[in-house]
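What follows is a short report on a single structure.
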Amino acid sequence: MSQPQSFTELRALVVGLGSIGGRHLANLRRLGCQRLGVLRVHRQLPLPPTANLEGVTLHVEIEEALAQGYDVVFIANPTHLHLDFALPAARAGCHIFMEKPLSNSMEGVETLAHEVANRRLKLQMGCQLRFHPGLRAIKTWLAEDRIGDPVRALVEVGQYLPDWQPWRDYRTSYAARREMGGGVVLTLIHEIDYAQWLLGPLKALATLGGVSGELEVCAEDHVTSLLSTTYGAGVVLSLDYLQRPPCRRLKILGGKGLMEWDYSSGLASLTQEGRLVARFEPPAGWLANDLYLDLTQDFLRAVVEDVSPAIPLEDGAAALELALAMKAQLQKGQKLLV
């Protein structure tokens, strides 16, 4: 992470104080923000063990919080409530950091886009994997045409849901509950976002999966989807809540070579004619939290300098639209759409 700019004058409100809300609060402090507030949507839930509310203004209602004149609002509450809080924030003139996914439906998305555009607000999607140095190396190699046109890609993530927040019952979390926008397709939408960032717009051809019964949850815990690029390359996307140890990896095959990335090691590699020709690993001392810091810094800089954020609302809407198409195929049991 580069040296933070001074953001001491910004007034920042975090909506929701689960694990990601607590992370945002801590990172805002690290980036120099001193005027902080928190709105706890579900006050009966236990606080994350690392939550530090010293010097933080606590709020119980969104209207009362927005009346305090915050400059930026971090939407970090359950998925199905995102737009319920983002729309009032936009109408109050606040710039918005929106945790992924944008919502659990397209209802209200166009209205939010209208408010953001008309009020000249900044909205950053919380898709921090785009700031991973290994994925950025992949992006650069693609731009340099190092493997030619991609012909096939594998995008996979698997994480054991009970390990996410060991201080609470995972079965009550939004990630496990269909009515709250949970399930692997929306909750693990990072993969959809970065796949489209690297490969361009994708179309869902077939989606299989569902509820395994292993986790006592009502939302889908495993999904495999066949996607296609606009230029005819096939993309296999695999998402699950079941894998131990966790797995997050990418392979992109082209006519001239193969690129691979592994989150656990941070390594990215480029192979041509069976030989390793380039290898990238994160610098010494790099931490996973640097992804969040860099993303947040990009957002705050966009606000202060009046420039575009790295991951705008349009990208969040594109990822959500594809995710909902996958969920519709899953629900209908359709095996192929042409």
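All residue names refer to the structure tokens as shown: chains lettered A, B, ... in order, residues numbered from 1 in each chain, ligands numbered from 1 in order.
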
Could you pull out all residues of region 58-125 of chain A with a DSSP call of strand (DSSP E) and give them as a compact mmCIF listing (two decimals) with N, CA and C atoms, in the first residue's frame?
# COMPACT_ATOMS: atom_id res chain seq x y z
N LEU A 58 -22.16 6.61 17.83
CA LEU A 58 -23.08 5.49 17.56
C LEU A 58 -24.46 6.03 17.20
N HIS A 59 -25.06 5.40 16.20
CA HIS A 59 -26.39 5.79 15.73
C HIS A 59 -27.30 4.59 15.72
N VAL A 72 -19.01 10.49 3.60
CA VAL A 72 -18.97 9.18 2.95
C VAL A 72 -19.69 8.18 3.85
N VAL A 73 -20.35 7.21 3.20
CA VAL A 73 -21.07 6.17 3.92
C VAL A 73 -20.62 4.82 3.39
N PHE A 74 -20.23 3.94 4.30
CA PHE A 74 -19.83 2.58 3.96
C PHE A 74 -21.00 1.65 4.25
N ILE A 75 -21.58 1.06 3.20
CA ILE A 75 -22.71 0.17 3.34
C ILE A 75 -22.19 -1.24 3.57
N HIS A 95 -21.16 10.34 -0.56
CA HIS A 95 -20.47 9.39 -1.42
C HIS A 95 -20.56 8.01 -0.76
N ILE A 96 -20.57 6.95 -1.58
CA ILE A 96 -20.92 5.63 -1.06
C ILE A 96 -19.86 4.60 -1.40
N PHE A 97 -19.44 3.87 -0.37
CA PHE A 97 -18.67 2.64 -0.54
C PHE A 97 -19.66 1.50 -0.32
N MET A 98 -19.90 0.71 -1.36
CA MET A 98 -20.92 -0.33 -1.31
C MET A 98 -20.28 -1.70 -1.24
N GLU A 99 -20.49 -2.37 -0.11
CA GLU A 99 -20.00 -3.75 -0.04
C GLU A 99 -20.69 -4.59 -1.11
N LEU A 123 -19.29 6.32 -6.17
CA LEU A 123 -19.69 5.05 -5.58
C LEU A 123 -18.65 4.01 -5.94
N GLN A 124 -18.09 3.40 -4.92
CA GLN A 124 -17.07 2.36 -5.10
C GLN A 124 -17.64 1.03 -4.64
N MET A 125 -17.53 0.00 -5.49
CA MET A 125 -17.92 -1.35 -5.09
C MET A 125 -16.80 -2.01 -4.27

What lies within 12 Å of region 296-300 of chain A using only C-alpha atoms, ignoring chain neighbours under 6 positions off, as an MDAnalysis selection string?
-> chainID A and resid 1:12 23:33 71:74 95:99 121:128 130:131 289:290 306:312

Could you build a table of the residues in region 116-141 of chain A lying no more than 10 Å from region 251-260 of chain A, giving for each the nearest pair of atoms and their separation in Å rounded to one decimal place, using only C-alpha atoms, ordered by chain and ascending residue number, as a tab-separated table?
residue	atom	partner	partner_atom	distance
A:Gly134	CA	A:Glu260	CA	9.2
A:Leu135	CA	A:Glu260	CA	9.2
A:Ala137	CA	A:Met259	CA	9.8
A:Ile138	CA	A:Met259	CA	7.0
A:Trp141	CA	A:Met259	CA	8.4

Top pick for closest residue to Asp163 (chain A), considering A:Leu320, A:Leu188, A:Leu242, A:Ala143 and counting only C-alpha atoms =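 Under the stated criterion, the closest residue is A:Leu242.
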
Pick out the residues sitting within 10 Å of Leu237 (chain A), and hand them over as an mmCIF file with N, CA, C and O atoms, in the first residue's frame; count only C-alpha atoms, and ignore anything fewer than 5 positions along from it in its own chain.
data_model
loop_
_atom_site.group_PDB
_atom_site.id
_atom_site.type_symbol
_atom_site.label_atom_id
_atom_site.label_comp_id
_atom_site.auth_asym_id
_atom_site.auth_seq_id
_atom_site.Cartn_x
_atom_site.Cartn_y
_atom_site.Cartn_z
ATOM 1 N N ALA A 153 -11.197 -20.696 -19.444
ATOM 2 C CA ALA A 153 -10.784 -20.224 -18.125
ATOM 3 C C ALA A 153 -11.486 -21.036 -17.041
ATOM 4 O O ALA A 153 -12.614 -21.503 -17.223
ATOM 5 N N LEU A 154 -10.795 -21.211 -15.927
ATOM 6 C CA LEU A 154 -11.344 -21.837 -14.733
ATOM 7 C C LEU A 154 -11.237 -20.841 -13.593
ATOM 8 O O LEU A 154 -10.147 -20.334 -13.293
ATOM 9 N N VAL A 155 -12.365 -20.538 -12.980
ATOM 10 C CA VAL A 155 -12.418 -19.614 -11.849
ATOM 11 C C VAL A 155 -13.048 -20.370 -10.688
ATOM 12 O O VAL A 155 -14.187 -20.830 -10.787
ATOM 13 N N GLU A 156 -12.322 -20.506 -9.591
ATOM 14 C CA GLU A 156 -12.806 -21.344 -8.494
ATOM 15 C C GLU A 156 -12.576 -20.677 -7.145
ATOM 16 O O GLU A 156 -11.524 -20.096 -6.885
ATOM 17 N N VAL A 157 -13.577 -20.793 -6.277
ATOM 18 C CA VAL A 157 -13.419 -20.412 -4.880
ATOM 19 C C VAL A 157 -14.225 -21.388 -4.030
ATOM 20 O O VAL A 157 -15.350 -21.745 -4.357
ATOM 21 N N GLU A 191 -15.665 -13.410 -7.581
ATOM 22 C CA GLU A 191 -15.174 -14.147 -8.738
ATOM 23 C C GLU A 191 -15.858 -13.699 -10.021
ATOM 24 O O GLU A 191 -15.232 -13.614 -11.077
ATOM 25 N N ILE A 192 -17.155 -13.428 -9.942
ATOM 26 C CA ILE A 192 -17.869 -12.910 -11.109
ATOM 27 C C ILE A 192 -17.307 -11.560 -11.504
ATOM 28 O O ILE A 192 -17.081 -11.267 -12.686
ATOM 29 N N ALA A 195 -13.661 -11.905 -12.938
ATOM 30 C CA ALA A 195 -13.675 -12.612 -14.220
ATOM 31 C C ALA A 195 -14.099 -11.668 -15.345
ATOM 32 O O ALA A 195 -13.502 -11.673 -16.438
ATOM 33 N N ALA A 204 -24.241 -16.318 -18.938
ATOM 34 C CA ALA A 204 -24.465 -17.609 -18.281
ATOM 35 C C ALA A 204 -25.168 -18.557 -19.248
ATOM 36 O O ALA A 204 -26.265 -18.263 -19.727
ATOM 37 N N THR A 207 -26.133 -23.502 -15.343
ATOM 38 C CA THR A 207 -25.766 -23.424 -13.931
ATOM 39 C C THR A 207 -26.389 -24.596 -13.190
ATOM 40 O O THR A 207 -27.593 -24.836 -13.288
ATOM 41 N N VAL A 223 -22.222 -24.245 -6.370
ATOM 42 C CA VAL A 223 -22.701 -23.926 -7.712
ATOM 43 C C VAL A 223 -21.554 -24.091 -8.695
ATOM 44 O O VAL A 223 -20.412 -23.709 -8.411
ATOM 45 N N THR A 224 -21.863 -24.661 -9.849
ATOM 46 C CA THR A 224 -20.934 -24.684 -10.975
ATOM 47 C C THR A 224 -21.671 -24.125 -12.182
ATOM 48 O O THR A 224 -22.777 -24.560 -12.494
ATOM 49 N N SER A 225 -21.043 -23.137 -12.823
ATOM 50 C CA SER A 225 -21.698 -22.471 -13.946
ATOM 51 C C SER A 225 -20.781 -22.458 -15.155
ATOM 52 O O SER A 225 -19.554 -22.282 -15.029
ATOM 53 N N LEU A 226 -21.373 -22.670 -16.321
ATOM 54 C CA LEU A 226 -20.657 -22.527 -17.590
ATOM 55 C C LEU A 226 -21.020 -21.173 -18.169
ATOM 56 O O LEU A 226 -22.196 -20.895 -18.434
ATOM 57 N N LEU A 227 -20.005 -20.346 -18.379
ATOM 58 C CA LEU A 227 -20.181 -19.003 -18.910
ATOM 59 C C LEU A 227 -19.460 -18.898 -20.246
ATOM 60 O O LEU A 227 -18.597 -19.718 -20.565
ATOM 61 N N LEU A 250 -7.304 -19.275 -10.222
ATOM 62 C CA LEU A 250 -7.694 -18.890 -11.570
ATOM 63 C C LEU A 250 -6.731 -19.501 -12.567
ATOM 64 O O LEU A 250 -5.514 -19.532 -12.335
#

Option closest in space to Thr79 (chain A), from A:Gly183, A:Pro101, A:Pro201, A:Gly55 [counting only C-alpha atoms] =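 Checking each of A:Gly183, A:Pro101, A:Pro201, A:Gly55 against Thr79 (chain A), counting only C-alpha atoms, the winner is A:Pro101.
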
Residue nearest His190 (chain A) among A:Ala323, A:Leu287, A:Leu276, A:Ala219 (counting only C-alpha atoms) =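 Of all the options, A:Ala323 lies closest to His190 (chain A).
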